[in-house]
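What follows is data11.pdb (PDB, C-alpha atoms).
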MODEL        1
ATOM      1  CA  MET A 802     -96.247 -42.616  -0.884
ATOM      2  CA  THR A 803     -96.601 -38.862  -1.433
ATOM      3  CA  GLN A 804     -98.031 -38.016  -4.865
ATOM      4  CA  THR A 805     -98.615 -34.310  -4.359
ATOM      5  CA  ARG A 806     -96.125 -31.459  -4.088
ATOM      6  CA  ASN A 807     -98.319 -29.762  -1.489
ATOM      7  CA  PRO A 808    -100.148 -32.153   0.889
ATOM      8  CA  ASP A 809    -101.542 -29.174   2.843
ATOM      9  CA  ARG A 810    -103.355 -27.747  -0.188
ATOM     10  CA  LYS A 811    -107.009 -27.068   0.639
ATOM     11  CA  VAL A 812    -109.566 -27.535  -2.143
ATOM     12  CA  PRO A 813    -112.991 -26.856  -0.611
ATOM     13  CA  THR A 814    -116.198 -27.452  -2.547
ATOM     14  CA  ARG A 815    -118.431 -24.404  -2.173
ATOM     15  CA  ARG A 816    -122.058 -24.695  -3.231
ATOM     16  CA  MET A 817    -122.666 -21.367  -4.930
ATOM     17  CA  SER A 818    -125.639 -19.776  -6.655
ATOM     18  CA  PHE A 819    -125.268 -16.680  -8.838
ATOM     19  CA  GLU A 820    -128.556 -17.186 -10.682
ATOM     20  CA  GLU A 821    -130.496 -14.384  -9.022
ATOM     21  CA  SER A 822    -127.780 -11.744  -9.470
ATOM     22  CA  LEU A 823    -127.125 -12.762 -13.092
ATOM     23  CA  ARG A 824    -130.747 -12.199 -14.106
ATOM     24  CA  ASP A 825    -130.190  -8.455 -14.336
ATOM     25  CA  VAL A 826    -126.984  -8.532 -16.394
ATOM     26  CA  PRO A 827    -127.453  -6.165 -19.388
ATOM     27  CA  LYS A 828    -126.125  -6.836 -22.883
ATOM     28  CA  ASP A 829    -123.378  -4.219 -22.597
ATOM     29  CA  PHE A 830    -122.187  -5.523 -19.219
ATOM     30  CA  ALA A 831    -118.421  -4.971 -19.643
ATOM     31  CA  ALA A 832    -116.771  -1.791 -18.346
ATOM     32  CA  GLY A 833    -117.971   1.139 -20.439
ATOM     33  CA  GLY A 834    -120.050  -1.286 -22.499
ATOM     34  CA  ASP A 835    -116.842  -2.320 -24.277
ATOM     35  CA  LEU A 836    -117.728  -4.386 -27.338
ATOM     36  CA  ILE A 837    -114.815  -6.844 -27.455
ATOM     37  CA  GLY A 838    -114.828  -7.122 -23.650
ATOM     38  CA  CYS A 839    -118.441  -8.333 -23.707
ATOM     39  CA  HIS A 840    -117.883 -10.823 -26.503
ATOM     40  CA  LEU A 841    -114.601 -12.180 -25.131
ATOM     41  CA  THR A 842    -116.107 -12.713 -21.672
ATOM     42  CA  SER A 843    -119.172 -14.437 -23.134
ATOM     43  CA  SER A 844    -117.005 -16.624 -25.393
ATOM     44  CA  LEU A 845    -114.852 -17.709 -22.453
ATOM     45  CA  SER A 846    -117.914 -18.508 -20.375
ATOM     46  CA  ALA A 847    -119.383 -20.525 -23.261
ATOM     47  CA  VAL A 848    -116.547 -23.079 -23.197
ATOM     48  CA  PHE A 849    -116.482 -23.506 -19.419
ATOM     49  CA  PRO A 850    -119.463 -25.823 -18.714
ATOM     50  CA  ASP A 851    -118.481 -28.648 -21.058
ATOM     51  CA  GLY A 852    -114.783 -27.919 -20.605
ATOM     52  CA  GLU A 853    -115.133 -28.359 -16.847
ATOM     53  CA  ASP A 854    -117.071 -31.602 -17.380
ATOM     54  CA  PHE A 855    -114.198 -32.837 -19.559
ATOM     55  CA  PHE A 856    -111.680 -31.966 -16.825
ATOM     56  CA  VAL A 857    -113.711 -33.919 -14.281
ATOM     57  CA  ARG A 858    -113.956 -37.003 -16.505
ATOM     58  CA  SER A 859    -110.238 -36.876 -17.338
ATOM     59  CA  VAL A 860    -109.163 -36.772 -13.688
ATOM     60  CA  ARG A 861    -111.859 -39.149 -12.403
ATOM     61  CA  HIS A 862    -110.713 -41.833 -14.863
ATOM     62  CA  PHE A 863    -107.467 -42.200 -12.868
ATOM     63  CA  ARG A 864    -108.932 -41.715  -9.411
ATOM     64  CA  ASP A 865    -108.510 -45.366  -8.438
ATOM     65  CA  GLN A 866    -104.792 -45.208  -9.251
ATOM     66  CA  ILE A 867    -104.153 -42.529  -6.628
ATOM     67  CA  VAL A 868    -102.719 -44.023  -3.434
ATOM     68  CA  ASP A 869    -101.841 -40.821  -1.573
ATOM     69  CA  PRO A 870    -104.797 -39.939   0.706
ATOM     70  CA  GLU A 871    -103.970 -36.220   0.509
ATOM     71  CA  LEU A 872    -104.056 -36.217  -3.289
ATOM     72  CA  LYS A 873    -107.268 -38.270  -3.153
ATOM     73  CA  ARG A 874    -108.787 -35.557  -0.964
ATOM     74  CA  GLN A 875    -107.626 -32.862  -3.366
ATOM     75  CA  VAL A 876    -109.052 -34.755  -6.328
ATOM     76  CA  ALA A 877    -112.433 -34.897  -4.572
ATOM     77  CA  GLY A 878    -112.274 -31.133  -4.057
ATOM     78  CA  PHE A 879    -111.199 -30.580  -7.673
ATOM     79  CA  ILE A 880    -114.167 -32.565  -8.974
ATOM     80  CA  GLY A 881    -116.552 -30.720  -6.674
ATOM     81  CA  GLN A 882    -115.247 -27.275  -7.593
ATOM     82  CA  GLU A 883    -115.242 -27.939 -11.341
ATOM     83  CA  ALA A 884    -118.785 -29.309 -11.240
ATOM     84  CA  VAL A 885    -120.049 -26.120  -9.565
ATOM     85  CA  HIS A 886    -118.095 -23.941 -12.031
ATOM     86  CA  GLY A 887    -119.768 -25.666 -14.962
ATOM     87  CA  ARG A 888    -123.221 -25.276 -13.448
ATOM     88  CA  GLU A 889    -122.863 -21.588 -12.625
ATOM     89  CA  HIS A 890    -121.349 -20.674 -15.993
ATOM     90  CA  ARG A 891    -124.200 -22.500 -17.709
ATOM     91  CA  VAL A 892    -126.583 -20.230 -15.801
ATOM     92  CA  PHE A 893    -124.604 -17.204 -17.026
ATOM     93  CA  ASN A 894    -124.611 -18.592 -20.564
ATOM     94  CA  ASP A 895    -128.392 -18.934 -20.441
ATOM     95  CA  ARG A 896    -128.664 -15.246 -19.589
ATOM     96  CA  LEU A 897    -126.178 -14.318 -22.330
ATOM     97  CA  ASP A 898    -128.218 -16.365 -24.802
ATOM     98  CA  GLU A 899    -131.292 -14.332 -23.861
ATOM     99  CA  LEU A 900    -129.290 -11.192 -24.620
ATOM    100  CA  GLY A 901    -128.339 -12.408 -28.090
ATOM    101  CA  TYR A 902    -124.872 -13.870 -27.539
ATOM    102  CA  PRO A 903    -124.270 -17.263 -29.286
ATOM    103  CA  THR A 904    -123.205 -18.982 -26.067
ATOM    104  CA  LYS A 905    -125.477 -22.014 -26.437
ATOM    105  CA  ARG A 906    -124.179 -22.646 -29.955
ATOM    106  CA  PHE A 907    -120.612 -22.467 -28.645
ATOM    107  CA  GLU A 908    -121.528 -24.822 -25.795
ATOM    108  CA  ARG A 909    -122.748 -27.415 -28.315
ATOM    109  CA  LEU A 910    -119.594 -27.050 -30.431
ATOM    110  CA  THR A 911    -117.387 -27.433 -27.346
ATOM    111  CA  LYS A 912    -119.244 -30.534 -26.208
ATOM    112  CA  ARG A 913    -119.029 -32.100 -29.659
ATOM    113  CA  GLY A 914    -115.324 -31.341 -30.061
ATOM    114  CA  LEU A 915    -114.409 -32.763 -26.661
ATOM    115  CA  ALA A 916    -116.482 -35.896 -27.311
ATOM    116  CA  ILE A 917    -114.520 -36.484 -30.523
ATOM    117  CA  ARG A 918    -111.246 -35.970 -28.668
ATOM    118  CA  GLU A 919    -112.207 -38.509 -26.020
ATOM    119  CA  ARG A 920    -113.116 -41.081 -28.671
ATOM    120  CA  ILE A 921    -109.858 -40.878 -30.614
ATOM    121  CA  LEU A 922    -107.243 -40.096 -27.951
ATOM    122  CA  SER A 923    -106.137 -42.016 -24.864
ATOM    123  CA  PRO A 924    -107.283 -41.224 -21.305
ATOM    124  CA  LYS A 925    -103.715 -40.181 -20.456
ATOM    125  CA  SER A 926    -103.649 -37.767 -23.410
ATOM    126  CA  ASN A 927    -106.916 -36.250 -22.182
ATOM    127  CA  LEU A 928    -105.448 -35.934 -18.702
ATOM    128  CA  ALA A 929    -102.428 -34.161 -20.228
ATOM    129  CA  ALA A 930    -104.837 -31.784 -21.953
ATOM    130  CA  THR A 931    -106.581 -31.132 -18.654
ATOM    131  CA  ALA A 932    -103.276 -30.381 -16.902
ATOM    132  CA  ALA A 933    -102.284 -28.001 -19.712
ATOM    133  CA  LEU A 934    -105.620 -26.177 -19.767
ATOM    134  CA  GLU A 935    -105.564 -25.927 -15.986
ATOM    135  CA  HIS A 936    -102.320 -23.971 -16.405
ATOM    136  CA  PHE A 937    -104.210 -21.639 -18.753
ATOM    137  CA  THR A 938    -107.002 -21.097 -16.242
ATOM    138  CA  ALA A 939    -104.579 -20.732 -13.312
ATOM    139  CA  THR A 940    -102.567 -18.133 -15.218
ATOM    140  CA  LEU A 941    -105.682 -16.145 -16.102
ATOM    141  CA  ALA A 942    -106.972 -16.584 -12.546
ATOM    142  CA  GLU A 943    -103.794 -15.107 -11.093
ATOM    143  CA  LEU A 944    -104.170 -12.138 -13.442
ATOM    144  CA  VAL A 945    -107.758 -11.594 -12.277
ATOM    145  CA  LEU A 946    -106.822 -11.798  -8.589
ATOM    146  CA  THR A 947    -103.759  -9.554  -8.811
ATOM    147  CA  SER A 948    -104.945  -6.923 -11.294
ATOM    148  CA  GLU A 949    -107.651  -4.481 -10.289
ATOM    149  CA  GLU A 950    -107.682  -3.242 -13.887
ATOM    150  CA  THR A 951    -108.559  -6.737 -15.110
ATOM    151  CA  ARG A 952    -111.363  -7.121 -12.566
ATOM    152  CA  ARG A 953    -112.739  -3.732 -13.563
ATOM    153  CA  LEU A 954    -113.040  -4.870 -17.180
ATOM    154  CA  PHE A 955    -115.813  -7.324 -16.242
ATOM    155  CA  GLY A 956    -118.016  -4.321 -15.555
ATOM    156  CA  HIS A 957    -121.286  -5.520 -14.040
ATOM    157  CA  GLN A 958    -120.855  -6.609 -10.420
ATOM    158  CA  ALA A 959    -122.546  -9.991 -10.883
ATOM    159  CA  VAL A 960    -120.200 -10.886 -13.755
ATOM    160  CA  LYS A 961    -117.207  -9.710 -11.754
ATOM    161  CA  ASP A 962    -118.305 -11.787  -8.746
ATOM    162  CA  LEU A 963    -118.688 -14.906 -10.902
ATOM    163  CA  PHE A 964    -115.234 -14.630 -12.445
ATOM    164  CA  VAL A 965    -113.423 -13.640  -9.245
ATOM    165  CA  TRP A 966    -114.908 -16.630  -7.411
ATOM    166  CA  HIS A 967    -113.948 -18.870 -10.332
ATOM    167  CA  ALA A 968    -110.425 -17.412 -10.293
ATOM    168  CA  LEU A 969    -110.015 -18.131  -6.572
ATOM    169  CA  GLU A 970    -110.970 -21.772  -6.960
ATOM    170  CA  GLU A 971    -108.811 -22.246 -10.060
ATOM    171  CA  SER A 972    -105.913 -20.985  -7.943
ATOM    172  CA  GLU A 973    -106.819 -23.340  -5.110
ATOM    173  CA  HIS A 974    -106.744 -26.462  -7.295
ATOM    174  CA  LYS A 975    -104.226 -25.355  -9.939
ATOM    175  CA  ALA A 976    -101.837 -28.287  -9.371
ATOM    176  CA  VAL A 977    -104.284 -31.156  -8.830
ATOM    177  CA  ALA A 978    -104.627 -32.382 -12.433
ATOM    178  CA  PHE A 979    -100.858 -31.944 -12.913
ATOM    179  CA  ASP A 980    -100.098 -34.039  -9.823
ATOM    180  CA  VAL A 981    -102.506 -36.744 -10.983
ATOM    181  CA  TYR A 982    -100.843 -36.778 -14.412
ATOM    182  CA  LYS A 983     -97.428 -37.248 -12.809
ATOM    183  CA  ALA A 984     -98.734 -39.821 -10.320
ATOM    184  CA  VAL A 985    -100.063 -42.105 -13.069
ATOM    185  CA  GLY A 986     -96.835 -41.961 -15.070
ATOM    186  CA  GLY A 987     -97.560 -39.171 -17.511
ATOM    187  CA  GLY A 988     -94.464 -38.389 -19.564
ATOM    188  CA  GLU A 989     -92.737 -35.093 -20.262
ATOM    189  CA  ARG A 990     -92.935 -35.408 -24.042
ATOM    190  CA  MET A 991     -96.720 -35.792 -24.033
ATOM    191  CA  ARG A 992     -97.093 -33.038 -21.436
ATOM    192  CA  VAL A 993     -95.136 -30.436 -23.437
ATOM    193  CA  MET A 994     -96.444 -31.446 -26.871
ATOM    194  CA  THR A 995    -100.013 -31.281 -25.607
ATOM    195  CA  MET A 996     -99.482 -27.769 -24.293
ATOM    196  CA  ASN A 997     -97.855 -26.622 -27.546
ATOM    197  CA  VAL A 998    -100.859 -27.816 -29.536
ATOM    198  CA  LEU A 999    -103.446 -26.473 -27.087
ATOM    199  CA  ARG A1000    -101.783 -23.083 -26.689
ATOM    200  CA  PHE A1001    -102.208 -22.544 -30.431
ATOM    201  CA  ALA A1002    -105.644 -24.191 -30.649
ATOM    202  CA  PHE A1003    -107.057 -22.282 -27.685
ATOM    203  CA  VAL A1004    -105.991 -18.870 -28.982
ATOM    204  CA  VAL A1005    -107.184 -19.602 -32.531
ATOM    205  CA  GLY A1006    -110.440 -21.138 -31.344
ATOM    206  CA  MET A1007    -111.234 -18.334 -28.933
ATOM    207  CA  THR A1008    -110.401 -15.712 -31.567
ATOM    208  CA  ALA A1009    -112.751 -17.428 -34.027
ATOM    209  CA  GLN A1010    -115.528 -17.538 -31.440
ATOM    210  CA  VAL A1011    -115.166 -13.848 -30.639
ATOM    211  CA  ILE A1012    -115.219 -12.932 -34.341
ATOM    212  CA  VAL A1013    -118.365 -15.005 -34.966
ATOM    213  CA  SER A1014    -119.986 -13.468 -31.902
ATOM    214  CA  LEU A1015    -119.078  -9.941 -32.996
ATOM    215  CA  LEU A1016    -120.409 -10.505 -36.518
ATOM    216  CA  GLY A1017    -123.826 -11.298 -35.085
ATOM    217  CA  ASP A1018    -124.014  -8.129 -32.987
ATOM    218  CA  ARG A1019    -125.480  -4.957 -34.504
ATOM    219  CA  ALA A1020    -123.299  -2.880 -32.187
ATOM    220  CA  THR A1021    -120.241  -4.090 -34.129
ATOM    221  CA  TYR A1022    -121.372  -2.125 -37.166
ATOM    222  CA  ARG A1023    -121.872   1.198 -35.428
ATOM    223  CA  ARG A1024    -119.316   3.643 -36.719
ATOM    224  CA  GLY A1025    -116.086   3.627 -34.719
ATOM    225  CA  ASN A1026    -117.347   1.112 -32.143
ATOM    226  CA  LEU A1027    -115.157  -1.830 -33.107
ATOM    227  CA  LEU A1028    -112.012   0.234 -33.680
ATOM    228  CA  ARG A1029    -112.391   1.987 -30.333
ATOM    229  CA  SER A1030    -112.866  -1.349 -28.587
ATOM    230  CA  TRP A1031    -109.846  -2.886 -30.362
ATOM    231  CA  ARG A1032    -107.625  -0.047 -29.191
ATOM    232  CA  THR A1033    -108.749  -0.683 -25.627
ATOM    233  CA  PHE A1034    -108.207  -4.436 -25.939
ATOM    234  CA  ARG A1035    -104.696  -4.069 -27.345
ATOM    235  CA  HIS A1036    -103.612  -2.336 -24.146
ATOM    236  CA  SER A1037    -105.463  -4.620 -21.734
ATOM    237  CA  PRO A1038    -103.577  -6.850 -19.241
ATOM    238  CA  ILE A1039    -104.566  -9.991 -21.144
ATOM    239  CA  MET A1040    -102.313  -8.872 -24.012
ATOM    240  CA  SER A1041     -99.252  -8.360 -21.806
ATOM    241  CA  GLN A1042     -96.022 -10.175 -22.646
ATOM    242  CA  GLU A1043     -95.662 -11.236 -19.020
ATOM    243  CA  LEU A1044     -98.890 -13.244 -19.248
ATOM    244  CA  TRP A1045     -97.705 -15.137 -22.313
ATOM    245  CA  HIS A1046     -94.280 -15.769 -20.779
ATOM    246  CA  GLN A1047     -96.063 -17.290 -17.791
ATOM    247  CA  LEU A1048     -98.061 -19.579 -20.084
ATOM    248  CA  ARG A1049     -94.909 -20.711 -21.905
ATOM    249  CA  ASP A1050     -93.226 -21.535 -18.590
ATOM    250  CA  TYR A1051     -95.209 -24.785 -18.700
ATOM    251  CA  ASN A1052     -92.679 -26.101 -21.242
ATOM    252  CA  ARG A1053     -89.811 -25.884 -18.740
ATOM    253  CA  PRO A1054     -88.474 -29.421 -18.002
ATOM    254  CA  ASP A1055     -88.782 -29.090 -14.206
ATOM    255  CA  PHE A1056     -92.057 -27.120 -14.275
ATOM    256  CA  HIS A1057     -94.642 -27.538 -11.539
ATOM    257  CA  PRO A1058     -97.698 -25.305 -10.950
ATOM    258  CA  GLU A1059     -96.646 -24.770  -7.337
ATOM    259  CA  ASP A1060     -93.439 -23.040  -8.533
ATOM    260  CA  ARG A1061     -95.481 -19.834  -8.529
ATOM    261  CA  ASP A1062     -96.415 -19.456  -4.883
ATOM    262  CA  THR A1063     -99.891 -17.947  -4.740
ATOM    263  CA  THR A1064    -100.601 -19.046  -1.160
ATOM    264  CA  GLN A1065    -100.925 -15.514   0.215
ATOM    265  CA  LEU A1066    -103.021 -14.440  -2.767
ATOM    266  CA  VAL A1067    -105.424 -17.330  -2.195
ATOM    267  CA  GLU A1068    -105.660 -16.617   1.539
ATOM    268  CA  GLN A1069    -106.305 -12.941   0.850
ATOM    269  CA  TRP A1070    -109.194 -13.672  -1.518
ATOM    270  CA  ARG A1071    -110.646 -16.410   0.669
ATOM    271  CA  SER A1072    -110.956 -13.776   3.367
ATOM    272  CA  VAL A1073    -112.355 -11.126   1.007
ATOM    273  CA  LEU A1074    -114.956 -13.436  -0.523
ATOM    274  CA  PHE A1075    -115.781 -15.887   2.281
ATOM    275  CA  GLY A1076    -114.415 -14.455   5.514
ATOM    276  CA  GLU A1077    -116.518 -13.112   8.367
ATOM    277  CA  HIS A1078    -117.666 -10.220   6.187
ATOM    278  CA  GLY A1079    -117.105 -11.982   2.865
ATOM    279  CA  THR A1080    -118.618 -10.289  -0.170
ATOM    280  CA  LEU A1081    -119.924 -13.600  -1.585
ATOM    281  CA  ASN A1082    -121.262 -15.180   1.597
ATOM    282  CA  ASP A1083    -124.791 -14.415   0.383
ATOM    283  CA  LYS A1084    -124.130 -16.609  -2.699
ATOM    284  CA  LEU A1085    -122.860 -19.497  -0.572
ATOM    285  CA  ALA A1086    -125.190 -22.381   0.315
ATOM    286  CA  THR A1087    -122.770 -24.852   1.947
ATOM    287  CA  SER A1088    -119.037 -25.497   2.084
ATOM    288  CA  ALA A1089    -117.160 -28.757   2.499
ATOM    289  CA  ALA A1090    -113.412 -29.217   2.913
TER     290      ALA A1090
ENDMDL
END
Would you write the structure of this file as structure tokens?
Amino acid sequence: MTQTRNPDRKVPTRRMSFEESLRDVPKDFAAGGDLIGCHLTSSLSAVFPDGEDFFVRSVRHFRDQIVDPELKRQVAGFIGQEAVHGREHRVFNDRLDELGYPTKRFERLTKRGLAIRERILSPKSNLAATAALEHFTATLAELVLTSEETRRLFGHQAVKDLFVWHALEESEHKAVAFDVYKAVGGGERMRVMTMNVLRFAFVVGMTAQVIVSLLGDRATYRRGNLLRSWRTFRHSPIMSQELWHQLRDYNRPDFHPEDRDTTQLVEQWRSVLFGEHGTLNDKLATSAA
């Protein structure tokens, strides 16, 4: 029985290491040393390691209920990719901590919050949360891969490399958690309600993290620095209405992540990053399909 919309979907596990290149990341790494850009990027990275671990646990819980060998293969790739994402972002967070960003504090808060969620809510509810948050990451990943302006905002090449690689793999496995949720009988009401709650909670939580991070940075208090950065942020691609419309599309009754065909985009970036002359081949240890 087929349990995946796309049985040909490839989800390779790439063993990456960005540690050496991330050692030289400066505090003002974002394009032009942009204040909010630095703190938003660091706040996003701070939630990834324990968030990715949560995704893995949520999907792995239902692994034995998957009968479709193609979806089983994709789940294995999903788990492998997310595990490497968490590890590499933890390395980045360690460097950010050295630079004065509160990433390790945010990591602890994320871990604690997710542990509480797993204690009080059902495995299927946690899987619904994973599917919803995977739509968040896939939407942001598509923005990164299609918008040169967005990639430029990361500034330092090592940071850009980390997030572009992450974006590629989020695009590769964007429908896996969703397909697992559907395969194990996840309902529409839970799916949509979970997204409605998380869409609000994610934005509020990330905003709070960025504010806390900014308050602890002396650069925030330099005259005109914050206002200049806010003006830049207001006009950045992440604030576009199109992005938020794409996020809300998840509530559509017949929604599926594969409705947005990013096949060519994924193939393009696979070639750019890992082709014969791939820009990230030097960060690649091994690859398994």
- Query: For this file, the PyMOL selection byres ((chain A and resi 853) around 9) selects which residues, as a list in words?
  - Reply: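 Here the PyMOL selection byres ((chain A and resi 853) around 9) matches Val848, Phe849, Pro850, Asp851, Gly852, Asp854, Phe855, Phe856, Val857, Arg858, Ile880, Glu883, Ala884, His886 and Gly887 of chain A.
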- Message: Using the chain letters and numbers from this file, what does the PyMOL selection byres ((chain A and resi 981) around 8) select? Give the answer as a PyMOL selection string.
- Response: chain A and resi 804+860+863+867+872+977-980+982-985
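Nearest-residue note for Gly838 in chain A: choosing from A:Leu897, A:Met991, A:Leu1028, A:Leu954, the minimum distance belongs to A:Leu954, counting all atoms listed in the file.
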- Message: Neighbouring residues of Leu1081 in chain A were defined as those with any atom within 8 Å, considering only C-alpha atoms; residues of the same chain fewer than 5 positions away were excluded. Please report them as a PyMOL selection string.
- Response: chain A and resi 962+1074-1075
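The closest residue to Val960 in chain A, picked from A:Leu1085, A:Arg806, A:Lys811, A:Ser843 and counting only C-alpha atoms, is A:Ser843.
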- Task: Find the residues around range 1051-1061 of chain A up to 8 Å (all atoms listed in the file counted), leave out those fewer than 6 positions away in its own chain, and share them as a PyMOL selection string.
- Result: chain A and resi 806-807+933+936+975-976+979+989+993+996
Atom completion result for range 842-854 of chain A (N, CA and C atoms) as a PDB file, keeping the file's coordinate frame:
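After the write, part08.pdb holds the following:
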ATOM      1  N   THR A 842    -115.630 -12.131 -22.931  1.00  0.00           N
ATOM      2  CA  THR A 842    -116.107 -12.713 -21.672  1.00  0.00           C
ATOM      3  C   THR A 842    -117.175 -13.766 -21.939  1.00  0.00           C
ATOM      4  N   SER A 843    -118.114 -13.473 -22.833  1.00  0.00           N
ATOM      5  CA  SER A 843    -119.172 -14.437 -23.134  1.00  0.00           C
ATOM      6  C   SER A 843    -118.613 -15.669 -23.839  1.00  0.00           C
ATOM      7  N   SER A 844    -117.615 -15.482 -24.693  1.00  0.00           N
ATOM      8  CA  SER A 844    -117.005 -16.624 -25.393  1.00  0.00           C
ATOM      9  C   SER A 844    -116.239 -17.518 -24.432  1.00  0.00           C
ATOM     10  N   LEU A 845    -115.539 -16.919 -23.477  1.00  0.00           N
ATOM     11  CA  LEU A 845    -114.852 -17.709 -22.453  1.00  0.00           C
ATOM     12  C   LEU A 845    -115.854 -18.500 -21.624  1.00  0.00           C
ATOM     13  N   SER A 846    -116.912 -17.832 -21.197  1.00  0.00           N
ATOM     14  CA  SER A 846    -117.914 -18.508 -20.375  1.00  0.00           C
ATOM     15  C   SER A 846    -118.561 -19.657 -21.136  1.00  0.00           C
ATOM     16  N   ALA A 847    -118.719 -19.502 -22.456  1.00  0.00           N
ATOM     17  CA  ALA A 847    -119.383 -20.525 -23.261  1.00  0.00           C
ATOM     18  C   ALA A 847    -118.645 -21.854 -23.262  1.00  0.00           C
ATOM     19  N   VAL A 848    -117.311 -21.823 -23.147  1.00  0.00           N
ATOM     20  CA  VAL A 848    -116.547 -23.079 -23.197  1.00  0.00           C
ATOM     21  C   VAL A 848    -116.393 -23.718 -21.814  1.00  0.00           C
ATOM     22  N   PHE A 849    -116.725 -22.979 -20.765  1.00  0.00           N
ATOM     23  CA  PHE A 849    -116.482 -23.506 -19.419  1.00  0.00           C
ATOM     24  C   PHE A 849    -117.346 -24.717 -19.035  1.00  0.00           C
ATOM     25  N   PRO A 850    -118.670 -24.697 -19.242  1.00  0.00           N
ATOM     26  CA  PRO A 850    -119.463 -25.823 -18.714  1.00  0.00           C
ATOM     27  C   PRO A 850    -119.009 -27.189 -19.223  1.00  0.00           C
ATOM     28  N   ASP A 851    -118.878 -27.344 -20.526  1.00  0.00           N
ATOM     29  CA  ASP A 851    -118.481 -28.648 -21.058  1.00  0.00           C
ATOM     30  C   ASP A 851    -116.984 -28.873 -20.915  1.00  0.00           C
ATOM     31  N   GLY A 852    -116.205 -27.789 -20.881  1.00  0.00           N
ATOM     32  CA  GLY A 852    -114.783 -27.919 -20.605  1.00  0.00           C
ATOM     33  C   GLY A 852    -114.544 -28.439 -19.202  1.00  0.00           C
ATOM     34  N   GLU A 853    -115.282 -27.903 -18.230  1.00  0.00           N
ATOM     35  CA  GLU A 853    -115.133 -28.359 -16.847  1.00  0.00           C
ATOM     36  C   GLU A 853    -115.568 -29.818 -16.704  1.00  0.00           C
ATOM     37  N   ASP A 854    -116.633 -30.204 -17.415  1.00  0.00           N
ATOM     38  CA  ASP A 854    -117.071 -31.602 -17.380  1.00  0.00           C
ATOM     39  C   ASP A 854    -115.976 -32.523 -17.928  1.00  0.00           C
TER      40      ASP A 854
END
